[in-house]
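The structure appears below as structure tokens.
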Amino acid sequence: TGSTRPQRLLKAVQKNASRGDPQSVISAIDRFCHSSEWAMNVGDEKGVILDSVVCEVSPGCALELGTYCGYSTVRIGRLLPPGAKLITLEFNPDYAKVARQVIDFAGLQEKVLLVEGPSGDLIPKMKEQYGITTFDLVFLDHWKDRYLPDTKLLEECGLLRKGSILLADNVICPGTPDYLAYVRSSPRYESKYFKSHLEYTKVEDGLEKSIFLG
Ligand SMILES: CNc1ncnc2c1ncn2[C@@H]1O[C@H](/C=C/CNC(=O)c2cc(-c3ccc(F)cc3)cc(O)c2O)[C@H](F)[C@H]1O
Ligand SMILES: [Mg+2]
């Protein structure tokens with residue numbers, strides 16, 4: 001039987017990147033997606049916006065919803081301050097298997113904890129099982145109709161503090177209309193849209209950055 005796209009993406013990393021060099025892993029994936037096969041990574045254009053938010057927040061503790069192949073996991077992980085941690089949630093075992101290898105190849109396994117399972121079940125366990133107090137940064141990039149319920153779950157579980165930052169991918173394409181309406185209308189958030197393009201295309205897309213006001 002043939003390989004899957006994530007497996008071919010991993011092969012491209014192993015072939016074209018240098019072990020322990022996160023930037024080379026990012027470049028190898030972007031080259032693969034530009035010239036070989038499109039894949040739903042946040043990509044290089046929106047990735048620069050993601051980088052700037054990670055650097056600005058300099059999170060001690062970050063959460064990613066939807067690892068997929070680990071592209072944004074590596075983008076975030078490489079910019080974390082010493083001692084900081086990124087927890088990334090992925091419920092597809094085949095994607096998790098590829099992502100672990102991508103994260104390890106980048107040399108970020110000490111900074112990143114990939115937890116396999118559905119966010120709806122794992123978020124309520126974050127405090128007791130992973131010793132989390134609150135998240136300084138949350139990157140949302142999983143099923144688009146789960147952004148809003150999971151944001152409410154994070155609030156209910158006391159995992160956000162005054163100043164926690166939510167950064168959401170794909171708020172235009174494929175779109176997350178209910179999430180966008182919520183963070184833009186709720187008095188508990190200060191929201192800002194960063195216009196960009198859908199990864200590896202000229203289609204409009206963007207990131208929404210929302211500060212939780214407590
Ligand atoms: C629901 N709870 C979950 N818990 C853990 N892992 C999860 C959960 N839900 C999904 N996952 C995991 O998170 C990932 C899901 C990513 C979904 N992303 C997209 O659909 C997505 C789509 C496009 C896109 C745009 C235009 C077009 F023409 C075609 C596609 C662009 C993008 O940047 C995207 O991020 C993974 F696959 C799934 O197992
Ligand atoms: Mg996305």
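Scheme for the structure tokens: letters A, B, ... for chains in order shown; per-chain residue numbers from 1; ligand numbers from 1 in order shown.
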
Find the nearest atom pair between each residue of chain A and ligand 2 for residues within 12 Å, count only C-alpha atoms and all ligand atoms, give distances in Å to one decimal, sort rows by chain and ascending number, and present the table as JSON lines.
{"residue": "A:Ala39", "atom": "CA", "partner": "ligand 2", "partner_atom_place_in_ligand_line": "1 (Mg)", "distance": 9.5}
{"residue": "A:Met40", "atom": "CA", "partner": "ligand 2", "partner_atom_place_in_ligand_line": "1 (Mg)", "distance": 5.8}
{"residue": "A:Asn41", "atom": "CA", "partner": "ligand 2", "partner_atom_place_in_ligand_line": "1 (Mg)", "distance": 5.9}
{"residue": "A:Val42", "atom": "CA", "partner": "ligand 2", "partner_atom_place_in_ligand_line": "1 (Mg)", "distance": 5.1}
{"residue": "A:Gly43", "atom": "CA", "partner": "ligand 2", "partner_atom_place_in_ligand_line": "1 (Mg)", "distance": 8.5}
{"residue": "A:Asp44", "atom": "CA", "partner": "ligand 2", "partner_atom_place_in_ligand_line": "1 (Mg)", "distance": 11.9}
{"residue": "A:Lys46", "atom": "CA", "partner": "ligand 2", "partner_atom_place_in_ligand_line": "1 (Mg)", "distance": 9.5}
{"residue": "A:Gly47", "atom": "CA", "partner": "ligand 2", "partner_atom_place_in_ligand_line": "1 (Mg)", "distance": 10.4}
{"residue": "A:Leu50", "atom": "CA", "partner": "ligand 2", "partner_atom_place_in_ligand_line": "1 (Mg)", "distance": 11.5}
{"residue": "A:Glu64", "atom": "CA", "partner": "ligand 2", "partner_atom_place_in_ligand_line": "1 (Mg)", "distance": 11.3}
{"residue": "A:Leu65", "atom": "CA", "partner": "ligand 2", "partner_atom_place_in_ligand_line": "1 (Mg)", "distance": 10.2}
{"residue": "A:Gly66", "atom": "CA", "partner": "ligand 2", "partner_atom_place_in_ligand_line": "1 (Mg)", "distance": 8.6}
{"residue": "A:Thr67", "atom": "CA", "partner": "ligand 2", "partner_atom_place_in_ligand_line": "1 (Mg)", "distance": 9.9}
{"residue": "A:Tyr68", "atom": "CA", "partner": "ligand 2", "partner_atom_place_in_ligand_line": "1 (Mg)", "distance": 9.4}
{"residue": "A:Cys69", "atom": "CA", "partner": "ligand 2", "partner_atom_place_in_ligand_line": "1 (Mg)", "distance": 11.4}
{"residue": "A:Gly70", "atom": "CA", "partner": "ligand 2", "partner_atom_place_in_ligand_line": "1 (Mg)", "distance": 11.6}
{"residue": "A:Tyr71", "atom": "CA", "partner": "ligand 2", "partner_atom_place_in_ligand_line": "1 (Mg)", "distance": 10.4}
{"residue": "A:Ser72", "atom": "CA", "partner": "ligand 2", "partner_atom_place_in_ligand_line": "1 (Mg)", "distance": 9.2}
{"residue": "A:Phe139", "atom": "CA", "partner": "ligand 2", "partner_atom_place_in_ligand_line": "1 (Mg)", "distance": 9.9}
{"residue": "A:Leu140", "atom": "CA", "partner": "ligand 2", "partner_atom_place_in_ligand_line": "1 (Mg)", "distance": 8.0}
{"residue": "A:Asp141", "atom": "CA", "partner": "ligand 2", "partner_atom_place_in_ligand_line": "1 (Mg)", "distance": 4.8}
{"residue": "A:His142", "atom": "CA", "partner": "ligand 2", "partner_atom_place_in_ligand_line": "1 (Mg)", "distance": 7.0}
{"residue": "A:Trp143", "atom": "CA", "partner": "ligand 2", "partner_atom_place_in_ligand_line": "1 (Mg)", "distance": 8.8}
{"residue": "A:Lys144", "atom": "CA", "partner": "ligand 2", "partner_atom_place_in_ligand_line": "1 (Mg)", "distance": 8.7}
{"residue": "A:Tyr147", "atom": "CA", "partner": "ligand 2", "partner_atom_place_in_ligand_line": "1 (Mg)", "distance": 11.5}
{"residue": "A:Leu167", "atom": "CA", "partner": "ligand 2", "partner_atom_place_in_ligand_line": "1 (Mg)", "distance": 11.1}
{"residue": "A:Ala168", "atom": "CA", "partner": "ligand 2", "partner_atom_place_in_ligand_line": "1 (Mg)", "distance": 8.3}
{"residue": "A:Asp169", "atom": "CA", "partner": "ligand 2", "partner_atom_place_in_ligand_line": "1 (Mg)", "distance": 5.0}
{"residue": "A:Asn170", "atom": "CA", "partner": "ligand 2", "partner_atom_place_in_ligand_line": "1 (Mg)", "distance": 5.3}
{"residue": "A:Val171", "atom": "CA", "partner": "ligand 2", "partner_atom_place_in_ligand_line": "1 (Mg)", "distance": 8.9}
{"residue": "A:Ile172", "atom": "CA", "partner": "ligand 2", "partner_atom_place_in_ligand_line": "1 (Mg)", "distance": 10.4}
{"residue": "A:Cys173", "atom": "CA", "partner": "ligand 2", "partner_atom_place_in_ligand_line": "1 (Mg)", "distance": 8.7}
{"residue": "A:Pro174", "atom": "CA", "partner": "ligand 2", "partner_atom_place_in_ligand_line": "1 (Mg)", "distance": 8.5}
{"residue": "A:Gly175", "atom": "CA", "partner": "ligand 2", "partner_atom_place_in_ligand_line": "1 (Mg)", "distance": 9.8}
{"residue": "A:Thr176", "atom": "CA", "partner": "ligand 2", "partner_atom_place_in_ligand_line": "1 (Mg)", "distance": 10.9}
{"residue": "A:His197", "atom": "CA", "partner": "ligand 2", "partner_atom_place_in_ligand_line": "1 (Mg)", "distance": 11.1}
{"residue": "A:Leu198", "atom": "CA", "partner": "ligand 2", "partner_atom_place_in_ligand_line": "1 (Mg)", "distance": 8.4}
{"residue": "A:Glu199", "atom": "CA", "partner": "ligand 2", "partner_atom_place_in_ligand_line": "1 (Mg)", "distance": 8.2}
{"residue": "A:Tyr200", "atom": "CA", "partner": "ligand 2", "partner_atom_place_in_ligand_line": "1 (Mg)", "distance": 11.7}
{"residue": "A:Asp205", "atom": "CA", "partner": "ligand 2", "partner_atom_place_in_ligand_line": "1 (Mg)", "distance": 9.7}
{"residue": "A:Gly206", "atom": "CA", "partner": "ligand 2", "partner_atom_place_in_ligand_line": "1 (Mg)", "distance": 9.7}
{"residue": "A:Leu207", "atom": "CA", "partner": "ligand 2", "partner_atom_place_in_ligand_line": "1 (Mg)", "distance": 9.3}
{"residue": "A:Glu208", "atom": "CA", "partner": "ligand 2", "partner_atom_place_in_ligand_line": "1 (Mg)", "distance": 11.9}

Residues from last step as file, C-alpha atoms, as a PDB file, in the first residue's frame:
ATOM      1  CA  ALA A  39      -0.594  20.360   3.243  1.00  0.00           C
ATOM      2  CA  MET A  40      -2.566  22.168   5.950  1.00  0.00           C
ATOM      3  CA  ASN A  41       0.409  23.588   7.877  1.00  0.00           C
ATOM      4  CA  VAL A  42       0.095  27.191   9.033  1.00  0.00           C
ATOM      5  CA  GLY A  43       2.830  27.849   6.448  1.00  0.00           C
ATOM      6  CA  ASP A  44       5.587  30.412   5.997  1.00  0.00           C
ATOM      7  CA  LYS A  46       1.144  33.134   8.516  1.00  0.00           C
ATOM      8  CA  GLY A  47       4.073  31.450  10.270  1.00  0.00           C
ATOM      9  CA  LEU A  50       2.791  33.243  14.608  1.00  0.00           C
ATOM     10  CA  GLU A  64      -1.529  23.899  20.665  1.00  0.00           C
ATOM     11  CA  LEU A  65      -4.814  22.331  19.564  1.00  0.00           C
ATOM     12  CA  GLY A  66      -4.267  20.155  16.486  1.00  0.00           C
ATOM     13  CA  THR A  67      -0.666  19.039  15.944  1.00  0.00           C
ATOM     14  CA  TYR A  68      -1.136  17.448  12.499  1.00  0.00           C
ATOM     15  CA  CYS A  69       2.492  16.945  11.273  1.00  0.00           C
ATOM     16  CA  GLY A  70       4.071  19.222  13.872  1.00  0.00           C
ATOM     17  CA  TYR A  71       4.983  22.159  11.615  1.00  0.00           C
ATOM     18  CA  SER A  72       3.573  24.875  13.905  1.00  0.00           C
ATOM     19  CA  PHE A 139      -2.677  28.252  19.277  1.00  0.00           C
ATOM     20  CA  LEU A 140      -5.948  26.956  17.783  1.00  0.00           C
ATOM     21  CA  ASP A 141      -5.573  24.991  14.546  1.00  0.00           C
ATOM     22  CA  HIS A 142      -7.778  21.896  14.899  1.00  0.00           C
ATOM     23  CA  TRP A 143     -11.326  21.257  13.583  1.00  0.00           C
ATOM     24  CA  LYS A 144     -12.734  24.731  12.944  1.00  0.00           C
ATOM     25  CA  TYR A 147     -12.470  26.448  18.360  1.00  0.00           C
ATOM     26  CA  LEU A 167      -4.119  32.853  18.429  1.00  0.00           C
ATOM     27  CA  ALA A 168      -6.451  31.172  15.934  1.00  0.00           C
ATOM     28  CA  ASP A 169      -5.536  29.977  12.436  1.00  0.00           C
ATOM     29  CA  ASN A 170      -7.963  29.939   9.474  1.00  0.00           C
ATOM     30  CA  VAL A 171     -10.497  32.457  10.731  1.00  0.00           C
ATOM     31  CA  ILE A 172     -11.310  33.289   7.068  1.00  0.00           C
ATOM     32  CA  CYS A 173     -10.490  30.064   5.190  1.00  0.00           C
ATOM     33  CA  PRO A 174     -11.953  27.555   5.985  1.00  0.00           C
ATOM     34  CA  GLY A 175     -13.395  30.036   8.504  1.00  0.00           C
ATOM     35  CA  THR A 176     -14.499  29.906  12.118  1.00  0.00           C
ATOM     36  CA  HIS A 197      -3.087  34.252   2.970  1.00  0.00           C
ATOM     37  CA  LEU A 198      -4.015  30.592   3.110  1.00  0.00           C
ATOM     38  CA  GLU A 199      -0.788  28.627   3.361  1.00  0.00           C
ATOM     39  CA  TYR A 200       1.059  28.213   0.032  1.00  0.00           C
ATOM     40  CA  ASP A 205      -6.888  33.931   5.242  1.00  0.00           C
ATOM     41  CA  GLY A 206      -5.700  35.310   8.551  1.00  0.00           C
ATOM     42  CA  LEU A 207      -5.003  34.826  12.229  1.00  0.00           C
ATOM     43  CA  GLU A 208      -7.135  36.258  15.047  1.00  0.00           C
TER      44      GLU A 208
END

Problem - For stretch 75-81 of chain A: contacts at 7 Å, only C-alpha atoms, fewer than 6 positions along chain excluded, given as JSON, numbers by chain - result: {"A": [22, 51, 54, 55, 58, 59, 108, 111, 112]}

Expected file: the selected residues, C-alpha atoms, as a JSON list (two decimals), in the first residue's frame:
[["chain", "number", "residue", "atom", "x", "y", "z"],
["A", 22, "PRO", "CA", 14.36, 23.51, 13.68],
["A", 51, "ASP", "CA", 6.51, 33.73, 15.31],
["A", 54, "VAL", "CA", 5.24, 33.81, 20.29],
["A", 55, "CYS", "CA", 8.23, 36.15, 20.69],
["A", 58, "SER", "CA", 7.42, 34.60, 25.38],
["A", 59, "PRO", "CA", 5.15, 31.98, 26.99],
["A", 108, "LEU", "CA", 12.62, 19.92, 20.45],
["A", 111, "LYS", "CA", 10.34, 21.49, 25.18],
["A", 112, "VAL", "CA", 7.32, 19.85, 23.56]]

Practice task
If you run DSSP over the backbone, which residues in stretch 61-141 of chain A end up alpha helix (DSSP H)? Put them as a PyMOL selection string.
Solution key: chain A and resi 71-77+93-105+119-122+126-130

Selection to disk with C-alpha atoms, as a PDB file, in the first residue's frame:
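Result written to out25.pdb:
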ATOM      1  CA  TYR A  71       4.983  22.159  11.615  1.00  0.00           C
ATOM      2  CA  SER A  72       3.573  24.875  13.905  1.00  0.00           C
ATOM      3  CA  THR A  73       4.715  22.850  16.914  1.00  0.00           C
ATOM      4  CA  VAL A  74       8.301  23.280  15.663  1.00  0.00           C
ATOM      5  CA  ARG A  75       7.695  26.962  14.832  1.00  0.00           C
ATOM      6  CA  ILE A  76       6.496  27.628  18.382  1.00  0.00           C
ATOM      7  CA  GLY A  77       8.905  25.239  20.127  1.00  0.00           C
ATOM      8  CA  PRO A  93      -2.585   8.356  15.905  1.00  0.00           C
ATOM      9  CA  ASP A  94      -1.100   8.359  12.386  1.00  0.00           C
ATOM     10  CA  TYR A  95      -0.598  12.135  12.481  1.00  0.00           C
ATOM     11  CA  ALA A  96       0.770  11.916  16.056  1.00  0.00           C
ATOM     12  CA  LYS A  97       3.293   9.287  14.927  1.00  0.00           C
ATOM     13  CA  VAL A  98       4.598  11.546  12.141  1.00  0.00           C
ATOM     14  CA  ALA A  99       4.546  14.662  14.355  1.00  0.00           C
ATOM     15  CA  ARG A 100       6.621  12.992  17.092  1.00  0.00           C
ATOM     16  CA  GLN A 101       9.308  12.188  14.523  1.00  0.00           C
ATOM     17  CA  VAL A 102       9.259  15.720  13.109  1.00  0.00           C
ATOM     18  CA  ILE A 103       9.516  17.227  16.618  1.00  0.00           C
ATOM     19  CA  ASP A 104      12.350  14.821  17.552  1.00  0.00           C
ATOM     20  CA  PHE A 105      14.195  15.511  14.277  1.00  0.00           C
ATOM     21  CA  SER A 119      -9.010  18.153  23.254  1.00  0.00           C
ATOM     22  CA  GLY A 120     -12.493  17.929  24.834  1.00  0.00           C
ATOM     23  CA  ASP A 121     -11.330  15.121  27.101  1.00  0.00           C
ATOM     24  CA  LEU A 122      -7.758  16.352  27.678  1.00  0.00           C
ATOM     25  CA  MET A 126      -4.513  19.673  32.169  1.00  0.00           C
ATOM     26  CA  LYS A 127      -4.274  20.909  35.772  1.00  0.00           C
ATOM     27  CA  GLU A 128      -4.203  17.607  37.624  1.00  0.00           C
ATOM     28  CA  GLN A 129      -2.382  15.447  35.037  1.00  0.00           C
ATOM     29  CA  TYR A 130       0.107  17.913  33.572  1.00  0.00           C
TER      30      TYR A 130
END

Practice task
Select, from A:Arg161, A:Lys209, A:Arg8, A:Arg146, the residue with the minimum atom-to-atom distance to ligand 1, counting only C-alpha atoms and all ligand atoms.
Solution key: A:Arg146

Problem - Counting only C-alpha atoms and all ligand atoms, the option among A:Glu56, A:Glu156, A:Asp136, A:Asp145 closest to ligand 1 - result: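 So, comparing all the options, the nearest one is A:Asp145.
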